[in-house]
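**Q** Next up, model-v1.pdb (PDB, C-alpha atoms).
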```pdb
ATOM      1  CA  MET A   1      10.955  51.551  86.076
ATOM      2  CA  LYS A   2      11.566  52.396  89.703
ATOM      3  CA  LYS A   3       8.884  51.109  92.031
ATOM      4  CA  ILE A   4       7.695  53.283  94.911
ATOM      5  CA  ASN A   5       5.889  52.938  98.214
ATOM      6  CA  VAL A   6       2.541  54.699  98.479
ATOM      7  CA  GLY A   7       0.266  55.470 101.407
ATOM      8  CA  ILE A   8      -3.419  56.301 101.774
ATOM      9  CA  VAL A   9      -4.432  58.115 104.958
ATOM     10  CA  GLY A  10      -8.185  57.829 105.574
ATOM     11  CA  ILE A  11      -8.586  54.531 103.725
ATOM     12  CA  THR A  12     -12.048  53.748 105.148
ATOM     13  CA  GLY A  13     -13.719  56.929 103.848
ATOM     14  CA  LEU A  14     -15.421  57.456 100.522
ATOM     15  CA  VAL A  15     -12.468  59.273  98.942
ATOM     16  CA  GLY A  16      -9.888  56.940 100.460
ATOM     17  CA  GLN A  17     -11.684  53.905  99.066
ATOM     18  CA  THR A  18     -11.876  55.539  95.644
ATOM     19  CA  ILE A  19      -8.157  56.400  95.681
ATOM     20  CA  LEU A  20      -7.499  52.707  96.354
ATOM     21  CA  GLU A  21      -9.678  51.745  93.397
ATOM     22  CA  ILE A  22      -8.026  54.249  91.051
ATOM     23  CA  LEU A  23      -4.528  53.202  92.109
ATOM     24  CA  GLU A  24      -5.372  49.721  90.821
ATOM     25  CA  GLN A  25      -5.438  51.122  87.265
ATOM     26  CA  SER A  26      -2.892  53.898  87.780
ATOM     27  CA  SER A  27       0.459  54.118  86.025
ATOM     28  CA  LEU A  28       2.114  54.536  89.431
ATOM     29  CA  PRO A  29       4.402  51.505  89.940
ATOM     30  CA  VAL A  30       3.398  50.709  93.506
ATOM     31  CA  ASP A  31       5.710  48.291  95.296
ATOM     32  CA  THR A  32       4.245  48.437  98.804
ATOM     33  CA  LEU A  33       0.958  50.090  99.760
ATOM     34  CA  PHE A  34       0.457  51.350 103.314
ATOM     35  CA  VAL A  35      -3.072  52.239 104.451
ATOM     36  CA  TYR A  36      -4.021  54.184 107.575
ATOM     37  CA  ALA A  37      -7.177  55.021 109.492
ATOM     38  CA  SER A  38      -8.326  55.733 113.031
ATOM     39  CA  SER A  39      -7.920  53.246 115.871
ATOM     40  CA  ARG A  40     -11.464  51.975 115.180
ATOM     41  CA  SER A  41     -10.320  50.439 111.903
ATOM     42  CA  LYS A  42      -6.887  49.219 112.972
ATOM     43  CA  GLY A  43      -6.339  45.596 111.930
ATOM     44  CA  LYS A  44      -9.079  45.515 109.319
ATOM     45  CA  GLU A  45      -8.087  44.588 105.779
ATOM     46  CA  VAL A  46      -8.401  45.934 102.244
ATOM     47  CA  LEU A  47      -7.510  44.301  98.941
ATOM     48  CA  PHE A  48      -5.067  45.853  96.477
ATOM     49  CA  LYS A  49      -4.116  44.072  93.261
ATOM     50  CA  GLY A  50      -4.984  40.717  94.797
ATOM     51  CA  ARG A  51      -2.983  41.388  97.951
ATOM     52  CA  THR A  52      -4.383  41.780 101.451
ATOM     53  CA  ILE A  53      -3.293  45.002 103.125
ATOM     54  CA  VAL A  54      -3.800  45.433 106.878
ATOM     55  CA  ILE A  55      -4.998  48.858 108.008
ATOM     56  CA  LYS A  56      -2.604  50.611 110.376
ATOM     57  CA  GLU A  57      -3.582  53.174 112.987
ATOM     58  CA  LEU A  58      -2.662  56.729 112.012
ATOM     59  CA  ASN A  59      -0.283  58.304 114.508
ATOM     60  CA  GLU A  60       2.881  60.377 114.600
ATOM     61  CA  ASP A  61       5.025  57.302 113.922
ATOM     62  CA  SER A  62       3.151  56.373 110.736
ATOM     63  CA  PHE A  63       5.528  58.356 108.573
ATOM     64  CA  ASN A  64       8.510  56.347 109.694
ATOM     65  CA  ASP A  65       7.224  53.860 107.125
ATOM     66  CA  PRO A  66       9.318  53.979 103.912
ATOM     67  CA  LEU A  67       6.869  56.100 101.909
ATOM     68  CA  ASN A  68       7.497  58.066  98.707
ATOM     69  CA  ILE A  69       4.004  59.501  98.175
ATOM     70  CA  VAL A  70       1.046  59.592 100.560
ATOM     71  CA  PHE A  71      -2.521  60.580  99.758
ATOM     72  CA  PHE A  72      -4.505  62.304 102.515
ATOM     73  CA  ALA A  73      -8.286  61.838 102.644
ATOM     74  CA  ILE A  74      -8.861  63.143 106.163
ATOM     75  CA  GLU A  75     -10.237  66.193 107.962
ATOM     76  CA  SER A  76      -8.360  69.484 107.722
ATOM     77  CA  ASP A  77      -7.139  69.564 111.311
ATOM     78  CA  LEU A  78      -5.564  66.122 110.960
ATOM     79  CA  ALA A  79      -4.135  67.011 107.555
ATOM     80  CA  LEU A  80      -2.409  70.085 108.988
ATOM     81  CA  LYS A  81      -0.838  68.033 111.758
ATOM     82  CA  TYR A  82       0.303  65.014 109.791
ATOM     83  CA  ALA A  83       1.322  66.690 106.516
ATOM     84  CA  LYS A  84       3.931  68.638 108.454
ATOM     85  CA  ILE A  85       5.374  65.411 109.848
ATOM     86  CA  ALA A  86       5.346  63.535 106.541
ATOM     87  CA  SER A  87       6.773  66.375 104.458
ATOM     88  CA  SER A  88       9.593  66.886 106.962
ATOM     89  CA  LYS A  89      10.687  63.351 106.071
ATOM     90  CA  LYS A  90      10.669  64.236 102.361
ATOM     91  CA  ILE A  91       7.497  62.249 101.676
ATOM     92  CA  TYR A  92       5.287  63.856  99.028
ATOM     93  CA  VAL A  93       1.844  64.599 100.507
ATOM     94  CA  VAL A  94      -1.192  65.063  98.246
ATOM     95  CA  ASP A  95      -3.872  66.517 100.496
ATOM     96  CA  ASN A  96      -7.570  66.242  99.613
ATOM     97  CA  SER A  97      -8.692  68.421 102.518
ATOM     98  CA  SER A  98      -9.021  72.208 102.404
ATOM     99  CA  ALA A  99      -6.222  72.647 104.947
ATOM    100  CA  HIS A 100      -3.433  73.717 102.579
ATOM    101  CA  ARG A 101      -5.266  75.096  99.550
ATOM    102  CA  MET A 102      -4.951  78.780 100.273
ATOM    103  CA  ILE A 103      -1.491  78.725 101.850
ATOM    104  CA  GLU A 104       0.455  80.881  99.428
ATOM    105  CA  HIS A 105       3.581  78.775  98.987
ATOM    106  CA  ILE A 106       1.715  75.453  98.650
ATOM    107  CA  PRO A 107       0.683  74.613  95.065
ATOM    108  CA  LEU A 108      -3.002  73.999  94.336
ATOM    109  CA  VAL A 109      -3.042  71.697  91.334
ATOM    110  CA  VAL A 110      -5.297  70.340  88.619
ATOM    111  CA  PRO A 111      -2.725  68.485  86.477
ATOM    112  CA  GLU A 112      -4.359  69.241  83.099
ATOM    113  CA  VAL A 113      -4.337  72.936  83.951
ATOM    114  CA  ASN A 114      -1.317  73.911  86.038
ATOM    115  CA  SER A 115       1.028  71.009  86.787
ATOM    116  CA  HIS A 116       3.836  73.314  85.635
ATOM    117  CA  VAL A 117       3.726  75.113  89.011
ATOM    118  CA  LEU A 118       5.018  72.027  90.828
ATOM    119  CA  LYS A 119       8.646  71.892  91.937
ATOM    120  CA  SER A 120      10.610  68.954  93.322
ATOM    121  CA  SER A 121      10.771  70.736  96.690
ATOM    122  CA  ASP A 122       6.955  70.897  96.979
ATOM    123  CA  TYR A 123       6.443  68.112  99.499
ATOM    124  CA  ILE A 124       2.863  69.219 100.211
ATOM    125  CA  VAL A 125       0.469  69.613  97.266
ATOM    126  CA  ALA A 126      -3.154  70.641  97.735
ATOM    127  CA  ASN A 127      -6.009  69.019  95.851
ATOM    128  CA  PRO A 128      -8.714  71.627  95.012
ATOM    129  CA  ASN A 129     -12.387  71.570  95.926
ATOM    130  CA  CYS A 130     -14.421  69.101  93.850
ATOM    131  CA  SER A 131     -16.491  71.728  92.020
ATOM    132  CA  THR A 132     -13.420  73.869  91.415
ATOM    133  CA  ILE A 133     -11.611  71.003  89.685
ATOM    134  CA  GLN A 134     -14.236  70.355  87.015
ATOM    135  CA  SER A 135     -14.795  74.078  86.526
ATOM    136  CA  VAL A 136     -11.168  75.043  85.932
ATOM    137  CA  VAL A 137     -10.716  72.167  83.476
ATOM    138  CA  ALA A 138     -13.478  73.790  81.401
ATOM    139  CA  LEU A 139     -12.395  77.386  82.019
ATOM    140  CA  HIS A 140      -8.685  76.902  81.332
ATOM    141  CA  THR A 141      -9.379  76.549  77.603
ATOM    142  CA  VAL A 142     -11.711  79.559  77.608
ATOM    143  CA  HIS A 143      -8.991  81.596  79.304
ATOM    144  CA  GLN A 144      -6.318  80.476  76.853
ATOM    145  CA  LEU A 145      -8.450  81.268  73.802
ATOM    146  CA  PHE A 146     -10.339  84.397  74.822
ATOM    147  CA  ASN A 147      -8.830  85.769  78.074
ATOM    148  CA  LEU A 148     -11.183  85.464  81.055
ATOM    149  CA  VAL A 149     -12.397  88.560  82.866
ATOM    150  CA  ASP A 150     -15.389  87.436  84.957
ATOM    151  CA  VAL A 151     -16.844  84.098  86.055
ATOM    152  CA  ASP A 152     -20.254  83.437  87.640
ATOM    153  CA  TYR A 153     -20.784  79.955  89.104
ATOM    154  CA  SER A 154     -24.055  78.240  90.010
ATOM    155  CA  THR A 155     -23.527  74.728  91.336
ATOM    156  CA  TYR A 156     -25.809  71.741  91.858
ATOM    157  CA  GLN A 157     -23.790  69.490  94.149
ATOM    158  CA  ALA A 158     -24.430  65.866  95.068
ATOM    159  CA  VAL A 159     -24.733  64.709  98.668
ATOM    160  CA  SER A 160     -21.604  62.536  98.380
ATOM    161  CA  GLY A 161     -19.709  65.828  98.454
ATOM    162  CA  SER A 162     -20.447  65.691 102.185
ATOM    163  CA  GLY A 163     -19.162  62.124 102.423
ATOM    164  CA  VAL A 164     -21.076  59.401 104.226
ATOM    165  CA  ASN A 165     -23.013  61.968 106.307
ATOM    166  CA  GLY A 166     -24.609  63.473 103.201
ATOM    167  CA  ILE A 167     -25.528  60.116 101.702
ATOM    168  CA  GLU A 168     -27.078  58.992 104.992
ATOM    169  CA  ASP A 169     -29.092  62.211 105.253
ATOM    170  CA  LEU A 170     -30.517  61.684 101.775
ATOM    171  CA  GLU A 171     -31.539  58.159 102.758
ATOM    172  CA  ARG A 172     -32.996  59.284 106.103
ATOM    173  CA  THR A 173     -35.056  62.118 104.710
ATOM    174  CA  SER A 174     -36.293  59.979 101.812
ATOM    175  CA  GLN A 175     -37.963  57.879 104.513
ATOM    176  CA  GLY A 176     -39.601  60.907 106.112
ATOM    177  CA  LEU A 177     -37.101  61.200 108.968
ATOM    178  CA  GLU A 178     -35.546  64.461 110.150
ATOM    179  CA  PRO A 179     -32.063  65.316 108.850
ATOM    180  CA  ASN A 180     -29.058  64.570 111.036
ATOM    181  CA  PHE A 181     -26.490  66.503 109.026
ATOM    182  CA  TYR A 182     -27.944  69.101 106.660
ATOM    183  CA  PRO A 183     -29.794  72.161 108.036
ATOM    184  CA  LYS A 184     -32.926  71.179 106.106
ATOM    185  CA  THR A 185     -34.371  68.077 104.465
ATOM    186  CA  ILE A 186     -32.448  67.252 101.276
ATOM    187  CA  TYR A 187     -34.822  64.641  99.841
ATOM    188  CA  ASN A 188     -37.144  66.150  97.214
ATOM    189  CA  ASN A 189     -35.549  69.515  97.964
ATOM    190  CA  VAL A 190     -32.567  71.763  97.208
ATOM    191  CA  ILE A 191     -30.525  73.613  99.832
ATOM    192  CA  PRO A 192     -28.752  76.826  98.749
ATOM    193  CA  GLN A 193     -26.188  76.449 101.520
ATOM    194  CA  ILE A 194     -23.021  74.361 101.443
ATOM    195  CA  ASP A 195     -20.852  74.735 104.549
ATOM    196  CA  GLN A 196     -21.168  77.653 106.958
ATOM    197  CA  PHE A 197     -22.167  81.239 106.179
ATOM    198  CA  LEU A 198     -19.492  83.924 106.422
ATOM    199  CA  GLU A 199     -19.838  87.586 107.376
ATOM    200  CA  ASN A 200     -19.992  88.636 103.692
ATOM    201  CA  GLY A 201     -23.137  86.518 103.131
ATOM    202  CA  TYR A 202     -21.315  83.876 101.096
ATOM    203  CA  THR A 203     -20.761  80.332 102.325
ATOM    204  CA  LYS A 204     -17.353  78.747 102.842
ATOM    205  CA  GLU A 205     -17.972  76.542  99.780
ATOM    206  CA  GLU A 206     -18.665  79.579  97.602
ATOM    207  CA  MET A 207     -15.518  81.320  98.780
ATOM    208  CA  LYS A 208     -13.520  78.141  98.166
ATOM    209  CA  MET A 209     -14.585  78.144  94.526
ATOM    210  CA  ILE A 210     -13.848  81.845  94.144
ATOM    211  CA  LEU A 211     -10.421  81.879  95.768
ATOM    212  CA  GLU A 212      -9.251  78.517  94.425
ATOM    213  CA  THR A 213     -10.170  79.409  90.836
ATOM    214  CA  GLN A 214      -8.226  82.645  91.143
ATOM    215  CA  LYS A 215      -5.198  80.821  92.573
ATOM    216  CA  ILE A 216      -5.224  78.220  89.797
ATOM    217  CA  LEU A 217      -6.080  80.381  86.767
ATOM    218  CA  ALA A 218      -5.365  84.050  87.520
ATOM    219  CA  SER A 219      -5.861  86.295  90.521
ATOM    220  CA  LYS A 220      -7.181  89.145  88.375
ATOM    221  CA  ILE A 221     -10.327  87.256  87.281
ATOM    222  CA  ASN A 222     -13.503  88.498  89.000
ATOM    223  CA  ILE A 223     -15.491  85.529  90.313
ATOM    224  CA  THR A 224     -18.760  85.017  92.144
ATOM    225  CA  ALA A 225     -20.595  81.841  93.110
ATOM    226  CA  THR A 226     -23.801  80.349  94.474
ATOM    227  CA  THR A 227     -23.459  76.735  95.603
ATOM    228  CA  VAL A 228     -26.501  74.498  96.066
ATOM    229  CA  ARG A 229     -26.898  70.970  97.466
ATOM    230  CA  VAL A 230     -29.275  68.774  95.467
ATOM    231  CA  PRO A 231     -30.790  65.327  96.181
ATOM    232  CA  VAL A 232     -28.369  63.451  93.899
ATOM    233  CA  LYS A 233     -26.003  60.807  95.258
ATOM    234  CA  VAL A 234     -23.005  61.281  92.934
ATOM    235  CA  GLY A 235     -22.129  63.915  90.354
ATOM    236  CA  HIS A 236     -21.711  67.668  90.694
ATOM    237  CA  SER A 237     -23.151  69.977  88.046
ATOM    238  CA  VAL A 238     -21.853  73.511  87.551
ATOM    239  CA  GLN A 239     -23.415  76.154  85.337
ATOM    240  CA  ILE A 240     -20.655  78.584  84.342
ATOM    241  CA  LYS A 241     -21.086  82.042  82.879
ATOM    242  CA  ALA A 242     -17.701  83.262  81.686
ATOM    243  CA  THR A 243     -17.015  86.747  80.328
ATOM    244  CA  THR A 244     -13.898  87.289  78.230
ATOM    245  CA  LYS A 245     -11.958  90.173  76.703
ATOM    246  CA  GLU A 246     -12.289  88.770  73.196
ATOM    247  CA  ILE A 247     -15.470  87.865  71.315
ATOM    248  CA  ILE A 248     -16.325  84.185  71.792
ATOM    249  CA  ASP A 249     -15.862  81.902  68.774
ATOM    250  CA  LEU A 250     -18.017  78.896  69.699
ATOM    251  CA  ASP A 251     -16.697  76.694  66.892
ATOM    252  CA  LYS A 252     -13.137  77.322  68.037
ATOM    253  CA  LEU A 253     -14.023  76.525  71.646
ATOM    254  CA  LYS A 254     -15.944  73.364  70.793
ATOM    255  CA  SER A 255     -13.124  72.178  68.539
ATOM    256  CA  ALA A 256     -10.641  72.643  71.369
ATOM    257  CA  TYR A 257     -12.833  70.688  73.787
ATOM    258  CA  ALA A 258     -13.370  67.909  71.251
ATOM    259  CA  ASN A 259      -9.607  67.348  71.078
ATOM    260  CA  MET A 260      -9.058  67.140  74.844
ATOM    261  CA  ASP A 261      -8.761  63.658  76.349
ATOM    262  CA  GLU A 262     -10.048  64.810  79.746
ATOM    263  CA  ILE A 263     -13.322  66.222  78.374
ATOM    264  CA  LYS A 264     -16.428  64.628  76.902
ATOM    265  CA  LEU A 265     -18.189  67.173  74.707
ATOM    266  CA  TYR A 266     -21.916  66.866  74.050
ATOM    267  CA  PRO A 267     -23.606  68.118  70.852
ATOM    268  CA  SER A 268     -25.873  71.169  70.898
ATOM    269  CA  ASN A 269     -29.069  69.130  71.234
ATOM    270  CA  ASP A 270     -27.735  66.977  74.094
ATOM    271  CA  TYR A 271     -26.266  67.517  77.561
ATOM    272  CA  PRO A 272     -24.676  65.585  80.433
ATOM    273  CA  THR A 273     -26.397  64.722  83.700
ATOM    274  CA  PRO A 274     -24.960  63.328  86.944
ATOM    275  CA  LEU A 275     -25.948  59.806  85.881
ATOM    276  CA  ASP A 276     -23.880  60.223  82.708
ATOM    277  CA  ALA A 277     -20.817  61.268  84.717
ATOM    278  CA  SER A 278     -21.104  58.762  87.573
ATOM    279  CA  GLY A 279     -18.088  56.447  87.528
ATOM    280  CA  SER A 280     -16.416  58.497  84.781
ATOM    281  CA  ASN A 281     -12.967  60.090  84.925
ATOM    282  CA  LEU A 282     -13.932  62.866  82.513
ATOM    283  CA  VAL A 283     -15.375  66.348  82.773
ATOM    284  CA  HIS A 284     -18.613  66.324  80.766
ATOM    285  CA  ILE A 285     -19.553  69.582  79.010
ATOM    286  CA  GLY A 286     -22.719  70.601  77.164
ATOM    287  CA  ARG A 287     -25.205  73.450  76.645
ATOM    288  CA  ILE A 288     -22.423  75.629  75.216
ATOM    289  CA  ARG A 289     -23.813  78.921  73.984
ATOM    290  CA  THR A 290     -23.119  82.626  74.005
ATOM    291  CA  ASP A 291     -25.160  85.078  76.019
ATOM    292  CA  LEU A 292     -27.931  86.629  73.886
ATOM    293  CA  ASN A 293     -26.893  90.105  74.980
ATOM    294  CA  TYR A 294     -23.119  89.835  75.296
ATOM    295  CA  PRO A 295     -21.046  88.162  72.536
ATOM    296  CA  ASN A 296     -18.062  87.951  74.866
ATOM    297  CA  LYS A 297     -19.940  85.831  77.446
ATOM    298  CA  VAL A 298     -20.129  82.050  77.117
ATOM    299  CA  LEU A 299     -22.402  79.703  79.082
ATOM    300  CA  LEU A 300     -21.234  76.171  79.907
ATOM    301  CA  TRP A 301     -22.892  73.239  81.670
ATOM    302  CA  THR A 302     -20.317  70.949  83.281
ATOM    303  CA  VAL A 303     -20.823  67.666  85.134
ATOM    304  CA  ALA A 304     -18.279  65.389  86.802
ATOM    305  CA  ASP A 305     -18.117  62.547  89.295
ATOM    306  CA  ASN A 306     -17.195  64.513  92.407
ATOM    307  CA  VAL A 307     -15.658  61.549  94.211
ATOM    308  CA  ARG A 308     -13.495  60.530  91.253
ATOM    309  CA  LYS A 309     -12.359  63.531  89.189
ATOM    310  CA  GLY A 310     -13.430  65.900  91.935
ATOM    311  CA  ALA A 311     -11.188  64.246  94.514
ATOM    312  CA  ALA A 312      -9.533  60.818  94.205
ATOM    313  CA  LEU A 313      -8.590  60.801  90.514
ATOM    314  CA  ASN A 314      -7.165  64.308  90.566
ATOM    315  CA  ALA A 315      -5.054  63.364  93.597
ATOM    316  CA  VAL A 316      -3.679  60.246  91.886
ATOM    317  CA  GLN A 317      -2.951  62.272  88.739
ATOM    318  CA  ILE A 318      -0.901  64.656  90.896
ATOM    319  CA  GLY A 319       0.939  61.632  92.289
ATOM    320  CA  GLU A 320       1.630  60.361  88.785
ATOM    321  CA  TYR A 321       3.096  63.725  87.808
ATOM    322  CA  ILE A 322       5.280  63.816  90.924
ATOM    323  CA  TYR A 323       6.584  60.321  90.173
ATOM    324  CA  LYS A 324       7.316  61.128  86.534
ATOM    325  CA  GLU A 325       9.074  64.428  87.196
ATOM    326  CA  PHE A 326      10.696  64.192  90.620
ATOM    327  CA  ILE A 327      11.201  60.609  91.799
ATOM    328  CA  LYS A 328      14.304  59.166  90.213
TER     329      LYS A 328
END
```
Please, can you express the file's structure as structure tokens?
**A**
Amino acid sequence: MKKINVGIVGITGLVGQTILEILEQSSLPVDTLFVYASSRSKGKEVLFKGRTIVIKELNEDSFNDPLNIVFFAIESDLALKYAKIASSKKIYVVDNSSAHRMIEHIPLVVPEVNSHVLKSSDYIVANPNCSTIQSVVALHTVHQLFNLVDVDYSTYQAVSGSGVNGIEDLERTSQGLEPNFYPKTIYNNVIPQIDQFLENGYTKEEMKMILETQKILASKINITATTVRVPVKVGHSVQIKATTKEIIDLDKLKSAYANMDEIKLYPSNDYPTPLDASGSNLVHIGRIRTDLNYPNKVLLWTVADNVRKGAALNAVQIGEYIYKEFIK
């Protein structure tokens, strides 16, 4: 088995730290790990498989290191700049930011759903939005069995989806202090706004889910979304209403889910919550039922750890696929 050199850009952030943790158990045969952050963290250390790794400052020379695959967990503007440099050196970049998701020629990948779109020449691969990932894992099977026509999302997203800023705001407002990050107090409250509003009345987060789902599954599917921030630390919940061309056979759908390694299916009288999904690599699905008025509409309740499956795990799974298929 050929060993490879792997990098993590943004090692000190929530997603970067989780990528490091997941790589410990990954099938990727890592020879040397390189970790990068801003100048503030240069010289600090992280542990990987019992070895001490010194954090390097991210700059334009970073990708002179002998890397095969690098995981980006940084802001979009930095991702745009540095992915271009890394990919030009034939280093595979798996980008967790939103920078490359809607660029037409760059694949947007959830490995269980559409890894087949990847080619060996795809040196930049985009990791989808956290809520999109768990949703398309659930919807892919619905689409295969019954042919999706319309999807209506309502999300209940944890504060860790905003990184450290969101977690700190939950802690601040729980103590009666004013928010520093969110537009309103998140403690003991829900905020039906994630990211900025656009001219069409939707938020950027809502449009991410709409456009990313169409890119991953099928552009012809009609999709709408309302995304809501809730006072939960980890674990996004998404209520999905999916309309199909064919009549829904619930037994057939549940049987398919029950046989999928990436899904934990809950019985009719039970359901997942964010606490059930926290620390899990699976997409948890419950409350499966058909609409009382439309037999070709199914309702699904999905929950996943947004930092793991919604970001870090999905990125590492992309890296594993790249290694298996393209690195000889």
**Q** Would you translate the PyMOL selection byres ((chain A and resi 319) around 9) into the concrete set of residues it matches in this file, as a list in words?
**A**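 On this input, the PyMOL selection byres ((chain A and resi 319) around 9) captures Leu28, Ile69, Val70, Phe71, Tyr92, Val93, Val94, Asn314, Ala315, Val316, Gln317, Ile318, Glu320, Tyr321, Ile322, Tyr323 and Lys324 of chain A.
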**Q** Report as a short mmCIF file (atom, residue, chain, number, x, y, z; two decimals) with C-alpha atoms, keeping the file's coordinate frame all protein, DNA and RNA residues lying within 8 Å of range 213-219 of chain A, evaluated on all atoms listed in the file, omitting residues in the same chain fewer than 2 positions from it.
**A**
```cif
data_model
loop_
_atom_site.label_atom_id
_atom_site.label_comp_id
_atom_site.auth_asym_id
_atom_site.auth_seq_id
_atom_site.Cartn_x
_atom_site.Cartn_y
_atom_site.Cartn_z
CA MET A 102 -4.95 78.78 100.27
CA LEU A 108 -3.00 74.00 94.34
CA VAL A 109 -3.04 71.70 91.33
CA VAL A 110 -5.30 70.34 88.62
CA VAL A 113 -4.34 72.94 83.95
CA ASN A 114 -1.32 73.91 86.04
CA THR A 132 -13.42 73.87 91.42
CA VAL A 136 -11.17 75.04 85.93
CA HIS A 140 -8.68 76.90 81.33
CA MET A 209 -14.58 78.14 94.53
CA ILE A 210 -13.85 81.84 94.14
CA LEU A 211 -10.42 81.88 95.77
CA ILE A 221 -10.33 87.26 87.28
CA ILE A 223 -15.49 85.53 90.31
#
```
**Q** Enumerate, as a list in words, the residues matched when the PyMOL selection byres ((chain A and resi 129) around 10) is run on the file above.
**A** Asn96, Ser97, Ser98, Arg101, Leu108, Ala126, Asn127, Pro128, Cys130, Ser131, Thr132, Ile133, Gln134, Gly161, Glu205, Lys208, Met209, Glu212, Thr213, Asn306, Gly310 and Ala311 of chain A
**Q** Which is closer to Ala304 in chain A than all the others in A:Asp195, A:Glu262, A:Asp291, A:Glu325, using all atoms listed in the file?
**A**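 Closest to Ala304 in chain A, using all atoms listed in the file: A:Glu262.
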**Q** Written as a JSON list (two decimals) with C-alpha atoms, in the coordinates of the input, what is the full residue list that the PyMOL selection byres ((chain A and resi 174) around 9) yields on the file shown?
**A**
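out25.json was written with the following content:
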```json
[["chain", "number", "residue", "atom", "x", "y", "z"],
["A", 169, "ASP", "CA", -29.09, 62.21, 105.25],
["A", 170, "LEU", "CA", -30.52, 61.68, 101.78],
["A", 171, "GLU", "CA", -31.54, 58.16, 102.76],
["A", 172, "ARG", "CA", -33.00, 59.28, 106.10],
["A", 173, "THR", "CA", -35.06, 62.12, 104.71],
["A", 175, "GLN", "CA", -37.96, 57.88, 104.51],
["A", 176, "GLY", "CA", -39.60, 60.91, 106.11],
["A", 177, "LEU", "CA", -37.10, 61.20, 108.97],
["A", 185, "THR", "CA", -34.37, 68.08, 104.46],
["A", 186, "ILE", "CA", -32.45, 67.25, 101.28],
["A", 187, "TYR", "CA", -34.82, 64.64, 99.84],
["A", 188, "ASN", "CA", -37.14, 66.15, 97.21]]
```
**Q** Out of A:Ile11, A:Ala277, A:Leu118, A:Met1, which residue has the shortest atom-to-atom distance to Phe326 in chain A when counting only C-alpha atoms?
**A** A:Leu118
**Q** Skip Ile247 in chain A itself and residues of its chain fewer than 4 positions away, then list as an MDAnalysis selection string all residues within 12 Å of it, counting all atoms listed in the file.
**A** chainID A and resid 142 145:149 242:243 252:253 290:291 294:298
**Q** Taking all atoms of range 169-180 of chain A that the file lists and extending 4 Å past them on each side, where is the centre of the axis-aligned box and how long are its edges? Answer in Å to one decimal, as AutoDock Vina command-line options.
**A**
```
--center_x -34.3 --center_y 61.6 --center_z 106.4 --size_x 18.5 --size_y 15.4 --size_z 17.3
```
**Q** Please indicate the distance in Å from CA of Leu80 in chain A to CA of Val35 in chain A, rounded to one decimal place.
**A**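 Pair CA of Leu80 in chain A / CA of Val35 in chain A returns 18.4 Å.
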**Q** With 12 Å as the threshold, what does the neighbourhood of (-23.4, 82.0, 93.1) contain in terms of residues, counting only C-alpha atoms? Coordinates are those of the file; answer as a list of chain:residue names.
**A**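 Protein and nucleic acid residues near the point are A:Val151, A:Asp152, A:Tyr153, A:Ser154, A:Thr155, A:Tyr156, A:Pro192, A:Gln193, A:Ile194, A:Gly201, A:Tyr202, A:Thr203, A:Lys204, A:Glu205, A:Glu206, A:Met207, A:Lys208, A:Met209, A:Ile210, A:Ile223, A:Thr224, A:Ala225, A:Thr226, A:Thr227, A:Val228, A:Val238, A:Gln239, A:Ile240, A:Lys241.
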**Q** Any chance you could export the current selection's C-alpha atoms as a PDB file, keeping the file's coordinate frame?
**A**
```pdb
ATOM      1  CA  VAL A 151     -16.844  84.098  86.055  1.00  0.00           C
ATOM      2  CA  ASP A 152     -20.254  83.437  87.640  1.00  0.00           C
ATOM      3  CA  TYR A 153     -20.784  79.955  89.104  1.00  0.00           C
ATOM      4  CA  SER A 154     -24.055  78.240  90.010  1.00  0.00           C
ATOM      5  CA  THR A 155     -23.527  74.728  91.336  1.00  0.00           C
ATOM      6  CA  TYR A 156     -25.809  71.741  91.858  1.00  0.00           C
ATOM      7  CA  PRO A 192     -28.752  76.826  98.749  1.00  0.00           C
ATOM      8  CA  GLN A 193     -26.188  76.449 101.520  1.00  0.00           C
ATOM      9  CA  ILE A 194     -23.021  74.361 101.443  1.00  0.00           C
ATOM     10  CA  GLY A 201     -23.137  86.518 103.131  1.00  0.00           C
ATOM     11  CA  TYR A 202     -21.315  83.876 101.096  1.00  0.00           C
ATOM     12  CA  THR A 203     -20.761  80.332 102.325  1.00  0.00           C
ATOM     13  CA  LYS A 204     -17.353  78.747 102.842  1.00  0.00           C
ATOM     14  CA  GLU A 205     -17.972  76.542  99.780  1.00  0.00           C
ATOM     15  CA  GLU A 206     -18.665  79.579  97.602  1.00  0.00           C
ATOM     16  CA  MET A 207     -15.518  81.320  98.780  1.00  0.00           C
ATOM     17  CA  LYS A 208     -13.520  78.141  98.166  1.00  0.00           C
ATOM     18  CA  MET A 209     -14.585  78.144  94.526  1.00  0.00           C
ATOM     19  CA  ILE A 210     -13.848  81.845  94.144  1.00  0.00           C
ATOM     20  CA  ILE A 223     -15.491  85.529  90.313  1.00  0.00           C
ATOM     21  CA  THR A 224     -18.760  85.017  92.144  1.00  0.00           C
ATOM     22  CA  ALA A 225     -20.595  81.841  93.110  1.00  0.00           C
ATOM     23  CA  THR A 226     -23.801  80.349  94.474  1.00  0.00           C
ATOM     24  CA  THR A 227     -23.459  76.735  95.603  1.00  0.00           C
ATOM     25  CA  VAL A 228     -26.501  74.498  96.066  1.00  0.00           C
ATOM     26  CA  VAL A 238     -21.853  73.511  87.551  1.00  0.00           C
ATOM     27  CA  GLN A 239     -23.415  76.154  85.337  1.00  0.00           C
ATOM     28  CA  ILE A 240     -20.655  78.584  84.342  1.00  0.00           C
ATOM     29  CA  LYS A 241     -21.086  82.042  82.879  1.00  0.00           C
TER      30      LYS A 241
END
```
